[in-house]
file query.cif (mmCIF, C-alpha atoms; chains and numbers go by the auth columns)
data_data
loop_
_atom_site.group_PDB
_atom_site.id
_atom_site.type_symbol
_atom_site.label_atom_id
_atom_site.label_comp_id
_atom_site.label_asym_id
_atom_site.label_seq_id
_atom_site.Cartn_x
_atom_site.Cartn_y
_atom_site.Cartn_z
_atom_site.B_iso_or_equiv
_atom_site.auth_seq_id
_atom_site.auth_asym_id
ATOM 1 C CA MET A 1 -2.084 -14.237 85.587 0.00 26 A
ATOM 2 C CA THR A 2 -1.994 -17.533 87.479 0.00 27 A
ATOM 3 C CA ASN A 3 -0.681 -20.167 85.082 0.00 28 A
ATOM 4 C CA LEU A 4 2.847 -20.516 83.703 0.00 29 A
ATOM 5 C CA ALA A 5 2.805 -24.304 84.067 0.00 30 A
ATOM 6 C CA ASN A 6 4.235 -24.957 80.604 0.00 31 A
ATOM 7 C CA CYS A 7 7.010 -22.385 80.939 0.00 32 A
ATOM 8 C CA ARG A 8 10.710 -23.130 81.472 0.00 33 A
ATOM 9 C CA ALA A 9 12.487 -20.042 82.775 0.00 34 A
ATOM 10 C CA VAL A 10 16.105 -19.148 83.548 0.00 35 A
ATOM 11 C CA VAL A 11 16.806 -16.168 85.828 0.00 36 A
ATOM 12 C CA THR A 12 20.319 -14.775 86.235 0.00 37 A
ATOM 13 C CA GLY A 13 21.125 -13.048 89.508 0.00 38 A
ATOM 14 C CA GLY A 14 18.404 -15.202 91.013 0.00 39 A
ATOM 15 C CA SER A 15 19.741 -15.614 94.547 0.00 40 A
ATOM 16 C CA ALA A 16 18.602 -12.365 96.174 0.00 41 A
ATOM 17 C CA GLY A 17 16.738 -9.101 95.765 0.00 42 A
ATOM 18 C CA LEU A 18 14.861 -8.504 92.549 0.00 43 A
ATOM 19 C CA GLY A 19 16.086 -11.703 90.898 0.00 44 A
ATOM 20 C CA LEU A 20 14.902 -13.862 93.783 0.00 45 A
ATOM 21 C CA GLU A 21 11.465 -12.210 93.730 0.00 46 A
ATOM 22 C CA ILE A 22 11.199 -12.958 90.004 0.00 47 A
ATOM 23 C CA VAL A 23 12.158 -16.589 90.701 0.00 48 A
ATOM 24 C CA LYS A 24 9.487 -16.816 93.401 0.00 49 A
ATOM 25 C CA ALA A 25 6.770 -15.170 91.301 0.00 50 A
ATOM 26 C CA LEU A 26 7.369 -17.446 88.315 0.00 51 A
ATOM 27 C CA ALA A 27 7.609 -20.575 90.460 0.00 52 A
ATOM 28 C CA ARG A 28 4.350 -19.710 92.267 0.00 53 A
ATOM 29 C CA ARG A 29 2.609 -19.663 88.908 0.00 54 A
ATOM 30 C CA GLY A 30 3.887 -23.102 87.999 0.00 55 A
ATOM 31 C CA ALA A 31 6.953 -22.303 85.915 0.00 56 A
ATOM 32 C CA ASP A 32 9.961 -24.617 85.949 0.00 57 A
ATOM 33 C CA VAL A 33 12.587 -22.076 87.054 0.00 58 A
ATOM 34 C CA THR A 34 16.378 -22.290 87.077 0.00 59 A
ATOM 35 C CA ALA A 35 18.219 -19.638 89.100 0.00 60 A
ATOM 36 C CA ILE A 36 21.812 -18.691 88.263 0.00 61 A
ATOM 37 C CA ALA A 37 24.042 -16.818 90.736 0.00 62 A
ATOM 38 C CA ARG A 38 27.730 -16.680 91.597 0.00 63 A
ATOM 39 C CA ASP A 39 27.597 -17.629 95.271 0.00 64 A
ATOM 40 C CA PRO A 40 26.222 -21.151 95.855 0.00 65 A
ATOM 41 C CA GLU A 41 25.715 -20.374 99.548 0.00 66 A
ATOM 42 C CA LYS A 42 23.174 -17.681 98.660 0.00 67 A
ATOM 43 C CA LEU A 43 21.061 -19.858 96.382 0.00 68 A
ATOM 44 C CA GLY A 44 19.195 -21.502 99.252 0.00 69 A
ATOM 45 C CA ALA A 45 16.220 -19.142 99.063 0.00 70 A
ATOM 46 C CA ALA A 46 15.807 -19.851 95.349 0.00 71 A
ATOM 47 C CA ARG A 47 15.951 -23.588 96.067 0.00 72 A
ATOM 48 C CA ASP A 48 13.339 -23.167 98.782 0.00 73 A
ATOM 49 C CA ALA A 49 11.123 -21.427 96.222 0.00 74 A
ATOM 50 C CA GLY A 50 11.298 -24.548 94.052 0.00 75 A
ATOM 51 C CA ALA A 51 13.959 -23.468 91.571 0.00 76 A
ATOM 52 C CA ARG A 52 16.723 -25.537 90.074 0.00 77 A
ATOM 53 C CA LEU A 53 20.148 -24.040 90.716 0.00 78 A
ATOM 54 C CA ILE A 54 23.284 -23.219 88.745 0.00 79 A
ATOM 55 C CA ALA A 55 26.189 -21.685 90.645 0.00 80 A
ATOM 56 C CA GLY A 56 28.156 -19.558 88.207 0.00 81 A
ATOM 57 C CA ASP A 57 28.934 -16.085 86.920 0.00 82 A
ATOM 58 C CA ALA A 58 26.361 -14.615 84.516 0.00 83 A
ATOM 59 C CA THR A 59 29.177 -12.772 82.705 0.00 84 A
ATOM 60 C CA ASP A 60 30.669 -16.172 81.759 0.00 85 A
ATOM 61 C CA ALA A 61 29.457 -16.492 78.170 0.00 86 A
ATOM 62 C CA ALA A 62 30.242 -20.202 77.975 0.00 87 A
ATOM 63 C CA LEU A 63 28.209 -20.939 81.106 0.00 88 A
ATOM 64 C CA ILE A 64 25.201 -18.975 79.876 0.00 89 A
ATOM 65 C CA HIS A 65 25.378 -20.606 76.441 0.00 90 A
ATOM 66 C CA ARG A 66 25.404 -24.052 78.067 0.00 91 A
ATOM 67 C CA ALA A 67 22.463 -23.168 80.290 0.00 92 A
ATOM 68 C CA VAL A 68 20.379 -21.950 77.362 0.00 93 A
ATOM 69 C CA ALA A 69 21.319 -24.946 75.206 0.00 94 A
ATOM 70 C CA ASP A 70 20.735 -27.539 77.952 0.00 95 A
ATOM 71 C CA ILE A 71 17.565 -26.095 79.519 0.00 96 A
ATOM 72 C CA ASP A 72 15.961 -24.834 76.288 0.00 97 A
ATOM 73 C CA PRO A 73 14.020 -22.114 78.170 0.00 98 A
ATOM 74 C CA ASP A 74 10.869 -20.391 77.030 0.00 99 A
ATOM 75 C CA VAL A 75 11.958 -17.349 79.041 0.00 100 A
ATOM 76 C CA LEU A 76 15.428 -16.017 79.852 0.00 101 A
ATOM 77 C CA VAL A 77 15.509 -13.235 82.458 0.00 102 A
ATOM 78 C CA LEU A 78 18.782 -11.271 82.439 0.00 103 A
ATOM 79 C CA ASN A 79 18.936 -9.680 85.871 0.00 104 A
ATOM 80 C CA ALA A 80 22.497 -10.131 87.181 0.00 105 A
ATOM 81 C CA GLY A 81 24.077 -6.934 88.446 0.00 106 A
ATOM 82 C CA ALA A 82 26.909 -5.436 90.479 0.00 107 A
ATOM 83 C CA ARG A 83 26.927 -3.200 93.536 0.00 108 A
ATOM 84 C CA LEU A 84 28.050 0.418 93.408 0.00 109 A
ATOM 85 C CA PRO A 85 30.766 2.074 95.507 0.00 110 A
ATOM 86 C CA LEU A 86 28.449 5.097 96.142 0.00 111 A
ATOM 87 C CA LYS A 87 31.072 7.763 95.528 0.00 112 A
ATOM 88 C CA THR A 88 30.938 11.102 93.785 0.00 113 A
ATOM 89 C CA ILE A 89 32.830 11.300 90.513 0.00 114 A
ATOM 90 C CA ASP A 90 35.808 13.116 92.052 0.00 115 A
ATOM 91 C CA LYS A 91 36.351 10.128 94.375 0.00 116 A
ATOM 92 C CA GLU A 92 35.868 7.356 91.781 0.00 117 A
ATOM 93 C CA ASP A 93 38.497 5.177 90.160 0.00 118 A
ATOM 94 C CA TRP A 94 37.880 3.445 86.838 0.00 119 A
ATOM 95 C CA GLU A 95 37.424 0.020 88.401 0.00 120 A
ATOM 96 C CA GLY A 96 34.554 1.208 90.563 0.00 121 A
ATOM 97 C CA PHE A 97 33.064 3.492 87.934 0.00 122 A
ATOM 98 C CA SER A 98 32.948 0.718 85.321 0.00 123 A
ATOM 99 C CA ALA A 99 31.765 -2.090 87.633 0.00 124 A
ATOM 100 C CA ILE A 100 28.214 -1.962 86.277 0.00 125 A
ATOM 101 C CA TRP A 101 29.482 -2.100 82.701 0.00 126 A
ATOM 102 C CA ASN A 102 31.715 -5.069 83.489 0.00 127 A
ATOM 103 C CA THR A 103 28.860 -6.937 85.178 0.00 128 A
ATOM 104 C CA ASP A 104 25.395 -5.798 84.092 0.00 129 A
ATOM 105 C CA VAL A 105 26.254 -4.906 80.490 0.00 130 A
ATOM 106 C CA LYS A 106 28.662 -7.815 80.035 0.00 131 A
ATOM 107 C CA ALA A 107 26.137 -10.294 81.454 0.00 132 A
ATOM 108 C CA THR A 108 23.436 -8.846 79.189 0.00 133 A
ATOM 109 C CA LEU A 109 25.681 -9.320 76.160 0.00 134 A
ATOM 110 C CA ALA A 110 26.393 -12.935 77.162 0.00 135 A
ATOM 111 C CA GLY A 111 22.686 -13.652 77.601 0.00 136 A
ATOM 112 C CA VAL A 112 21.609 -11.931 74.395 0.00 137 A
ATOM 113 C CA GLN A 113 24.244 -13.766 72.372 0.00 138 A
ATOM 114 C CA ALA A 114 23.308 -17.110 73.941 0.00 139 A
ATOM 115 C CA ALA A 115 19.675 -16.514 72.974 0.00 140 A
ATOM 116 C CA LEU A 116 20.527 -15.500 69.402 0.00 141 A
ATOM 117 C CA ASN A 117 23.303 -17.980 68.659 0.00 142 A
ATOM 118 C CA THR A 118 21.945 -21.161 70.270 0.00 143 A
ATOM 119 C CA PRO A 119 19.276 -20.071 69.228 0.00 144 A
ATOM 120 C CA MET A 120 16.274 -20.087 71.545 0.00 145 A
ATOM 121 C CA ARG A 121 13.074 -21.358 69.959 0.00 146 A
ATOM 122 C CA PRO A 122 10.629 -19.152 68.014 0.00 147 A
ATOM 123 C CA GLY A 123 8.157 -17.608 70.425 0.00 148 A
ATOM 124 C CA SER A 124 10.638 -17.550 73.322 0.00 149 A
ATOM 125 C CA ARG A 125 11.276 -14.342 75.247 0.00 150 A
ATOM 126 C CA VAL A 126 14.312 -12.646 76.751 0.00 151 A
ATOM 127 C CA LEU A 127 13.546 -10.142 79.504 0.00 152 A
ATOM 128 C CA ILE A 128 16.362 -7.705 80.273 0.00 153 A
ATOM 129 C CA MET A 129 16.148 -5.847 83.583 0.00 154 A
ATOM 130 C CA SER A 130 17.157 -2.191 83.368 0.00 155 A
ATOM 131 C CA SER A 131 16.344 0.626 85.809 0.00 156 A
ATOM 132 C CA GLY A 132 14.465 3.869 86.036 0.00 157 A
ATOM 133 C CA ALA A 133 17.926 5.460 86.194 0.00 158 A
ATOM 134 C CA ALA A 134 18.095 4.825 82.444 0.00 159 A
ATOM 135 C CA MET A 135 15.568 7.657 82.065 0.00 160 A
ATOM 136 C CA VAL A 136 17.624 10.216 83.962 0.00 161 A
ATOM 137 C CA MET A 137 18.465 12.414 80.977 0.00 162 A
ATOM 138 C CA SER A 138 15.002 12.198 79.427 0.00 163 A
ATOM 139 C CA HIS A 139 12.601 12.226 82.381 0.00 164 A
ATOM 140 C CA PRO A 140 12.070 15.616 84.065 0.00 165 A
ATOM 141 C CA ALA A 141 11.285 14.001 87.434 0.00 166 A
ATOM 142 C CA ILE A 142 14.796 12.564 87.684 0.00 167 A
ATOM 143 C CA GLU A 143 17.460 15.241 87.884 0.00 168 A
ATOM 144 C CA PRO A 144 21.007 14.064 87.077 0.00 169 A
ATOM 145 C CA ARG A 145 22.387 15.474 90.328 0.00 170 A
ATOM 146 C CA ASN A 146 20.025 13.212 92.291 0.00 171 A
ATOM 147 C CA LEU A 147 21.970 10.185 90.986 0.00 172 A
ATOM 148 C CA ARG A 148 25.443 11.669 91.344 0.00 173 A
ATOM 149 C CA LEU A 149 26.631 8.716 93.497 0.00 174 A
ATOM 150 C CA SER A 150 25.843 6.256 90.705 0.00 175 A
ATOM 151 C CA GLY A 151 29.136 6.227 88.777 0.00 176 A
ATOM 152 C CA GLY A 152 28.642 4.427 85.454 0.00 177 A
ATOM 153 C CA TYR A 153 25.247 3.032 86.471 0.00 178 A
ATOM 154 C CA VAL A 154 23.018 5.415 84.508 0.00 179 A
ATOM 155 C CA GLY A 155 24.844 4.910 81.219 0.00 180 A
ATOM 156 C CA ALA A 156 25.048 1.147 81.693 0.00 181 A
ATOM 157 C CA LYS A 157 21.315 0.831 82.311 0.00 182 A
ATOM 158 C CA ARG A 158 20.575 2.996 79.261 0.00 183 A
ATOM 159 C CA MET A 159 22.890 0.799 77.188 0.00 184 A
ATOM 160 C CA ILE A 160 21.008 -2.299 78.350 0.00 185 A
ATOM 161 C CA TRP A 161 17.793 -0.684 77.088 0.00 186 A
ATOM 162 C CA TYR A 162 19.440 -0.021 73.729 0.00 187 A
ATOM 163 C CA MET A 163 20.798 -3.591 73.590 0.00 188 A
ATOM 164 C CA ALA A 164 17.245 -4.941 73.730 0.00 189 A
ATOM 165 C CA HIS A 165 16.520 -3.060 70.506 0.00 190 A
ATOM 166 C CA GLN A 166 19.752 -4.305 68.921 0.00 191 A
ATOM 167 C CA ALA A 167 18.880 -7.877 69.873 0.00 192 A
ATOM 168 C CA GLN A 168 15.335 -7.569 68.557 0.00 193 A
ATOM 169 C CA ALA A 169 16.680 -6.275 65.257 0.00 194 A
ATOM 170 C CA ALA A 170 19.031 -9.279 64.996 0.00 195 A
ATOM 171 C CA SER A 171 16.175 -11.677 65.786 0.00 196 A
ATOM 172 C CA ASP A 172 14.016 -10.048 63.124 0.00 197 A
ATOM 173 C CA ASP A 173 16.828 -9.972 60.551 0.00 198 A
ATOM 174 C CA HIS A 174 17.408 -13.722 60.962 0.00 199 A
ATOM 175 C CA ALA A 175 13.700 -14.599 61.318 0.00 200 A
ATOM 176 C CA LEU A 176 14.370 -16.273 64.695 0.00 201 A
ATOM 177 C CA GLY A 177 11.045 -15.339 66.258 0.00 202 A
ATOM 178 C CA ILE A 178 12.650 -14.495 69.628 0.00 203 A
ATOM 179 C CA ARG A 179 11.150 -11.517 71.477 0.00 204 A
ATOM 180 C CA PHE A 180 13.581 -9.292 73.412 0.00 205 A
ATOM 181 C CA GLN A 181 12.071 -6.945 75.980 0.00 206 A
ATOM 182 C CA VAL A 182 13.667 -4.509 78.417 0.00 207 A
ATOM 183 C CA LEU A 183 11.884 -3.900 81.731 0.00 208 A
ATOM 184 C CA VAL A 184 12.329 -0.566 83.502 0.00 209 A
ATOM 185 C CA PRO A 185 11.181 -0.326 87.153 0.00 210 A
ATOM 186 C CA THR A 186 10.724 3.411 87.673 0.00 211 A
ATOM 187 C CA GLN A 187 10.110 3.683 91.432 0.00 212 A
ATOM 188 C CA ALA A 188 12.285 0.894 92.809 0.00 213 A
ATOM 189 C CA ILE A 189 15.290 2.859 94.090 0.00 214 A
ATOM 190 C CA ALA A 190 14.416 2.446 97.783 0.00 215 A
ATOM 191 C CA GLY A 191 12.937 -1.028 97.308 0.00 216 A
ATOM 192 C CA THR A 192 16.321 -2.685 96.774 0.00 217 A
ATOM 193 C CA GLU A 193 19.393 -2.852 99.002 0.00 218 A
ATOM 194 C CA LEU A 194 21.507 -0.838 96.571 0.00 219 A
ATOM 195 C CA GLY A 195 18.793 1.696 95.843 0.00 220 A
ATOM 196 C CA TYR A 196 18.034 2.158 99.519 0.00 221 A
ATOM 197 C CA ALA A 197 21.669 3.052 100.206 0.00 222 A
ATOM 198 C CA VAL A 198 21.605 5.668 97.441 0.00 223 A
ATOM 199 C CA ALA A 199 18.259 7.073 98.598 0.00 224 A
ATOM 200 C CA ALA A 200 19.458 7.203 102.211 0.00 225 A
ATOM 201 C CA VAL A 201 22.363 9.484 101.271 0.00 226 A
ATOM 202 C CA GLN A 202 20.094 11.824 99.336 0.00 227 A
ATOM 203 C CA ALA A 203 17.472 11.806 102.106 0.00 228 A
ATOM 204 C CA ARG A 204 20.041 12.792 104.739 0.00 229 A
ATOM 205 C CA GLU A 205 21.140 15.732 102.606 0.00 230 A
ATOM 206 C CA GLU A 206 17.561 17.000 102.520 0.00 231 A
ATOM 207 C CA GLY A 207 16.784 16.229 106.169 0.00 232 A
ATOM 208 C CA LEU A 208 14.161 13.607 105.245 0.00 233 A
ATOM 209 C CA THR A 209 13.544 9.946 105.975 0.00 234 A
ATOM 210 C CA VAL A 210 14.066 7.586 103.051 0.00 235 A
ATOM 211 C CA ASP A 211 10.322 7.086 102.656 0.00 236 A
ATOM 212 C CA GLU A 212 9.699 10.844 102.715 0.00 237 A
ATOM 213 C CA TYR A 213 12.430 11.407 100.139 0.00 238 A
ATOM 214 C CA MET A 214 11.078 8.676 97.845 0.00 239 A
ATOM 215 C CA VAL A 215 7.493 9.877 97.937 0.00 240 A
ATOM 216 C CA LYS A 216 8.650 13.441 97.313 0.00 241 A
ATOM 217 C CA ARG A 217 10.860 12.478 94.340 0.00 242 A
ATOM 218 C CA TYR A 218 9.188 9.474 92.739 0.00 243 A
ATOM 219 C CA GLY A 219 5.839 8.652 94.337 0.00 244 A
ATOM 220 C CA PRO A 220 4.945 5.283 95.936 0.00 245 A
ATOM 221 C CA ILE A 221 7.870 2.872 96.366 0.00 246 A
ATOM 222 C CA LEU A 222 7.917 -0.106 93.997 0.00 247 A
ATOM 223 C CA HIS A 223 9.124 -3.127 95.979 0.00 248 A
ATOM 224 C CA PRO A 224 10.930 -6.179 94.505 0.00 249 A
ATOM 225 C CA THR A 225 7.942 -8.403 95.317 0.00 250 A
ATOM 226 C CA GLN A 226 5.721 -6.177 93.167 0.00 251 A
ATOM 227 C CA ILE A 227 8.252 -6.263 90.331 0.00 252 A
ATOM 228 C CA GLY A 228 8.310 -10.066 90.448 0.00 253 A
ATOM 229 C CA GLN A 229 4.533 -10.095 90.215 0.00 254 A
ATOM 230 C CA GLN A 230 4.558 -7.687 87.279 0.00 255 A
ATOM 231 C CA VAL A 231 7.123 -9.812 85.425 0.00 256 A
ATOM 232 C CA ALA A 232 4.832 -12.824 85.829 0.00 257 A
ATOM 233 C CA GLU A 233 1.877 -10.740 84.643 0.00 258 A
ATOM 234 C CA LEU A 234 3.812 -9.576 81.602 0.00 259 A
ATOM 235 C CA LEU A 235 4.617 -13.173 80.632 0.00 260 A
ATOM 236 C CA ASN A 236 1.070 -14.406 81.071 0.00 261 A
ATOM 237 C CA ASP A 237 -0.784 -11.579 79.302 0.00 262 A
ATOM 238 C CA PRO A 238 -0.755 -11.685 75.462 0.00 263 A
ATOM 239 C CA SER A 239 -1.132 -7.904 75.274 0.00 264 A
ATOM 240 C CA TYR A 240 2.516 -7.594 76.394 0.00 265 A
ATOM 241 C CA GLU A 241 3.985 -9.885 73.744 0.00 266 A
ATOM 242 C CA THR A 242 4.966 -7.337 71.109 0.00 267 A
ATOM 243 C CA GLY A 243 6.552 -4.285 72.773 0.00 268 A
ATOM 244 C CA VAL A 244 10.280 -3.871 73.346 0.00 269 A
ATOM 245 C CA ALA A 245 10.339 -1.638 76.453 0.00 270 A
ATOM 246 C CA TYR A 246 7.926 -1.695 79.393 0.00 271 A
ATOM 247 C CA GLY A 247 7.942 0.444 82.526 0.00 272 A
ATOM 248 C CA PHE A 248 6.848 -0.691 85.983 0.00 273 A
ATOM 249 C CA ARG A 249 5.283 1.525 88.626 0.00 274 A
ATOM 250 C CA ALA A 250 3.750 0.786 92.008 0.00 275 A
ATOM 251 C CA ASP A 251 0.337 2.164 91.116 0.00 276 A
ATOM 252 C CA THR A 252 -0.392 0.771 87.642 0.00 277 A
ATOM 253 C CA ASP A 253 0.046 -2.194 85.305 0.00 278 A
ATOM 254 C CA PRO A 254 3.196 -2.472 83.140 0.00 279 A
ATOM 255 C CA PHE A 255 3.125 0.238 80.473 0.00 280 A
ATOM 256 C CA VAL A 256 4.802 0.748 77.096 0.00 281 A
ATOM 257 C CA LEU A 257 7.853 3.036 77.129 0.00 282 A
ATOM 258 C CA ASP A 258 8.971 2.902 73.497 0.00 283 A
ATOM 259 C CA LEU A 259 6.612 4.584 71.055 0.00 284 A
#
call {"tool": "encode", "arguments": {"input": "query.cif", "output": "structure tokens"}}
result
Amino acid sequence: MTNLANCRAVVTGGSAGLGLEIVKALARRGADVTAIARDPEKLGAARDAGARLIAGDATDAALIHRAVADIDPDVLVLNAGARLPLKTIDKEDWEGFSAIWNTDVKATLAGVQAALNTPMRPGSRVLIMSSGAAMVMSHPAIEPRNLRLSGGYVGAKRMIWYMAHQAQAASDDHALGIRFQVLVPTQAIAGTELGYAVAAVQAREEGLTVDEYMVKRYGPILHPTQIGQQVAELLNDPSYETGVAYGFRADTDPFVLDL
């Protein structure tokens, strides 16, 4: 789990939060990392971690195609995402409700198409970051009402999961040899700025601290630093090369979600 010295990686949304921790974890293990983010002023931390920088919007298909063609990465991490307005559905407008679709899903489509149409080399991998919220209708520990401030987030993150399967099918159909994998952190809600805001609202309603609420609902908190480490582990361990969907938890190694 210590050597990615021969790996070229591109990480979208790499300036802060989860994306930055992935940049740091890959760079620490010797990877040649390029971070992409919209705001050039926020890319300093990625630069300090040793990454190359591209200032641009991950939903810009032309930009992502150029990056994949020019860098020729072994690994493309699709992590870019939007913030939520944190409103109940009766207070939402379509612009706010669809923000995740117009950013996360659109950026995923741009990245997937860049990988398939350039194409990336056989043996390369595309890691698509989803969320434990994608399990809300199928996991009994996550009740839909507990994510009622999430707008279109749940559906968008489930769609991203499905897109990994669509992309893998296209790679297989055209014998491209590209592996698409969706990663689903299942306890990270309070470990990110966005998730913390959501958890704080729910915690107040129940008269709990955020940490108390998280432990009660989901178990130990999975922090972005841990997710970055698990992404690096996944890339460096051959046993993770073949699955399409992997879950992350704070108290175990990455585990297969699709059976």
call {"tool": "resolve_selection", "arguments": {"input": "query.cif", "expression": "the PyMOL selection byres ((chain A and resi 109-123) around 8)", "output": "PyMOL selection string"}}
result
chain A and resi 107-108+124-127+173-178+219+223
call {"tool": "residues_around", "arguments": {"input": "query.cif", "residues": "Thr250 of chain A", "least_positions_apart": "3", "cutoff": "8 Å", "atoms": "only C-alpha atoms", "output": "NGL selection string"}}
result
:A and (43 or 46-47 or 50 or 253-254)
call {"tool": "atom_distance", "arguments": {"input": "query.cif", "atom1": "atom CA of Ala105 of chain A", "atom2": "atom CA of Ala257 of chain A"}}
result
17.9 Å
call {"tool": "residues_around", "arguments": {"input": "query.cif", "residues": "segment 26-39 of chain A", "least_positions_apart": "2", "cutoff": "7 Å", "atoms": "all atoms listed in the file", "output": "mmCIF file with C-alpha atoms, keeping the file's coordinate frame"}}
result
data_model
loop_
_atom_site.group_PDB
_atom_site.id
_atom_site.type_symbol
_atom_site.label_atom_id
_atom_site.label_comp_id
_atom_site.auth_asym_id
_atom_site.auth_seq_id
_atom_site.Cartn_x
_atom_site.Cartn_y
_atom_site.Cartn_z
ATOM 1 C CA ALA A 41 18.602 -12.365 96.174
ATOM 2 C CA GLY A 44 16.086 -11.703 90.898
ATOM 3 C CA LEU A 45 14.902 -13.862 93.783
ATOM 4 C CA VAL A 48 12.158 -16.589 90.701
ATOM 5 C CA ARG A 54 2.609 -19.663 88.908
ATOM 6 C CA GLY A 55 3.887 -23.102 87.999
ATOM 7 C CA ALA A 56 6.953 -22.303 85.915
ATOM 8 C CA ASP A 57 9.961 -24.617 85.949
ATOM 9 C CA VAL A 58 12.587 -22.076 87.054
ATOM 10 C CA THR A 59 16.378 -22.290 87.077
ATOM 11 C CA ALA A 60 18.219 -19.638 89.100
ATOM 12 C CA ILE A 61 21.812 -18.691 88.263
ATOM 13 C CA ALA A 62 24.042 -16.818 90.736
ATOM 14 C CA ALA A 71 15.807 -19.851 95.349
ATOM 15 C CA ALA A 83 26.361 -14.615 84.516
ATOM 16 C CA PRO A 98 14.020 -22.114 78.170
ATOM 17 C CA ASP A 99 10.869 -20.391 77.030
ATOM 18 C CA VAL A 100 11.958 -17.349 79.041
ATOM 19 C CA LEU A 101 15.428 -16.017 79.852
ATOM 20 C CA VAL A 102 15.509 -13.235 82.458
ATOM 21 C CA LEU A 103 18.782 -11.271 82.439
ATOM 22 C CA ASN A 104 18.936 -9.680 85.871
ATOM 23 C CA ALA A 105 22.497 -10.131 87.181
ATOM 24 C CA GLY A 106 24.077 -6.934 88.446
ATOM 25 C CA GLU A 258 1.877 -10.740 84.643
ATOM 26 C CA ASN A 261 1.070 -14.406 81.071
ATOM 27 C CA ASP A 262 -0.784 -11.579 79.302
#
call {"tool": "closest_residue", "arguments": {"input": "query.cif", "among": "A:Gly81, A:Gly157, A:Gly42, A:Pro147", "to": "Gly272 of chain A", "atoms": "all atoms listed in the file"}}
result
A:Gly157
call {"tool": "residues_around", "arguments": {"input": "query.cif", "residues": "Asn142 of chain A", "least_positions_apart": "3", "cutoff": "12 Å", "atoms": "all atoms listed in the file", "output": "PyMOL selection string"}}
result
chain A and resi 86-87+89-91+93-94+134-139+145-146+192+195-196+199+201+203
call {"tool": "write_last_selection", "arguments": {"input": "query.cif", "atoms": "C-alpha atoms", "output": "compact mmCIF listing (two decimals), in the coordinates of the input"}}
result
# COMPACT_ATOMS: atom_id res chain seq x y z
CA ALA A 86 29.46 -16.49 78.17
CA ALA A 87 30.24 -20.20 77.97
CA ILE A 89 25.20 -18.98 79.88
CA HIS A 90 25.38 -20.61 76.44
CA ARG A 91 25.40 -24.05 78.07
CA VAL A 93 20.38 -21.95 77.36
CA ALA A 94 21.32 -24.95 75.21
CA LEU A 134 25.68 -9.32 76.16
CA ALA A 135 26.39 -12.94 77.16
CA GLY A 136 22.69 -13.65 77.60
CA VAL A 137 21.61 -11.93 74.40
CA GLN A 138 24.24 -13.77 72.37
CA ALA A 139 23.31 -17.11 73.94
CA MET A 145 16.27 -20.09 71.54
CA ARG A 146 13.07 -21.36 69.96
CA ALA A 192 18.88 -7.88 69.87
CA ALA A 195 19.03 -9.28 65.00
CA SER A 196 16.18 -11.68 65.79
CA HIS A 199 17.41 -13.72 60.96
CA LEU A 201 14.37 -16.27 64.69
CA ILE A 203 12.65 -14.50 69.63
call {"tool": "decode", "arguments": {"input": "query.cif", "residues": "segment 30-41 of chain A", "atoms": "N, CA and C atoms", "output": "PDB file, in the first residue's frame"}}
result
ATOM      1  N   ALA A  30       4.406   4.698  -7.567  1.00  0.00           N
ATOM      2  CA  ALA A  30       5.405   5.536  -8.229  1.00  0.00           C
ATOM      3  C   ALA A  30       5.251   5.569  -9.743  1.00  0.00           C
ATOM      4  N   ASN A  31       4.676   4.549 -10.332  1.00  0.00           N
ATOM      5  CA  ASN A  31       4.524   4.511 -11.785  1.00  0.00           C
ATOM      6  C   ASN A  31       3.128   4.918 -12.243  1.00  0.00           C
ATOM      7  N   CYS A  32       2.384   5.556 -11.347  1.00  0.00           N
ATOM      8  CA  CYS A  32       0.987   5.887 -11.622  1.00  0.00           C
ATOM      9  C   CYS A  32       0.821   7.372 -11.925  1.00  0.00           C
ATOM     10  N   ARG A  33       0.166   7.687 -13.042  1.00  0.00           N
ATOM     11  CA  ARG A  33      -0.271   9.054 -13.330  1.00  0.00           C
ATOM     12  C   ARG A  33      -1.761   9.137 -13.022  1.00  0.00           C
ATOM     13  N   ALA A  34      -2.129  10.088 -12.173  1.00  0.00           N
ATOM     14  CA  ALA A  34      -3.517  10.193 -11.733  1.00  0.00           C
ATOM     15  C   ALA A  34      -4.050  11.601 -11.953  1.00  0.00           C
ATOM     16  N   VAL A  35      -5.317  11.692 -12.334  1.00  0.00           N
ATOM     17  CA  VAL A  35      -6.038  12.956 -12.442  1.00  0.00           C
ATOM     18  C   VAL A  35      -7.208  12.903 -11.473  1.00  0.00           C
ATOM     19  N   VAL A  36      -7.366  13.943 -10.654  1.00  0.00           N
ATOM     20  CA  VAL A  36      -8.437  14.002  -9.664  1.00  0.00           C
ATOM     21  C   VAL A  36      -9.244  15.269  -9.896  1.00  0.00           C
ATOM     22  N   THR A  37     -10.524  15.126 -10.234  1.00  0.00           N
ATOM     23  CA  THR A  37     -11.382  16.303 -10.358  1.00  0.00           C
ATOM     24  C   THR A  37     -11.905  16.690  -8.975  1.00  0.00           C
ATOM     25  N   GLY A  38     -12.212  17.972  -8.803  1.00  0.00           N
ATOM     26  CA  GLY A  38     -12.615  18.446  -7.489  1.00  0.00           C
ATOM     27  C   GLY A  38     -11.499  18.266  -6.485  1.00  0.00           C
ATOM     28  N   GLY A  39     -10.263  18.496  -6.928  1.00  0.00           N
ATOM     29  CA  GLY A  39      -9.103  18.164  -6.113  1.00  0.00           C
ATOM     30  C   GLY A  39      -8.569  19.278  -5.243  1.00  0.00           C
ATOM     31  N   SER A  40      -9.328  20.352  -5.059  1.00  0.00           N
ATOM     32  CA  SER A  40      -8.807  21.501  -4.318  1.00  0.00           C
ATOM     33  C   SER A  40      -9.144  21.495  -2.839  1.00  0.00           C
ATOM     34  N   ALA A  41     -10.121  20.707  -2.422  1.00  0.00           N
ATOM     35  CA  ALA A  41     -10.570  20.755  -1.027  1.00  0.00           C
ATOM     36  C   ALA A  41     -11.287  19.464  -0.676  1.00  0.00           C
TER      37      ALA A  41
END
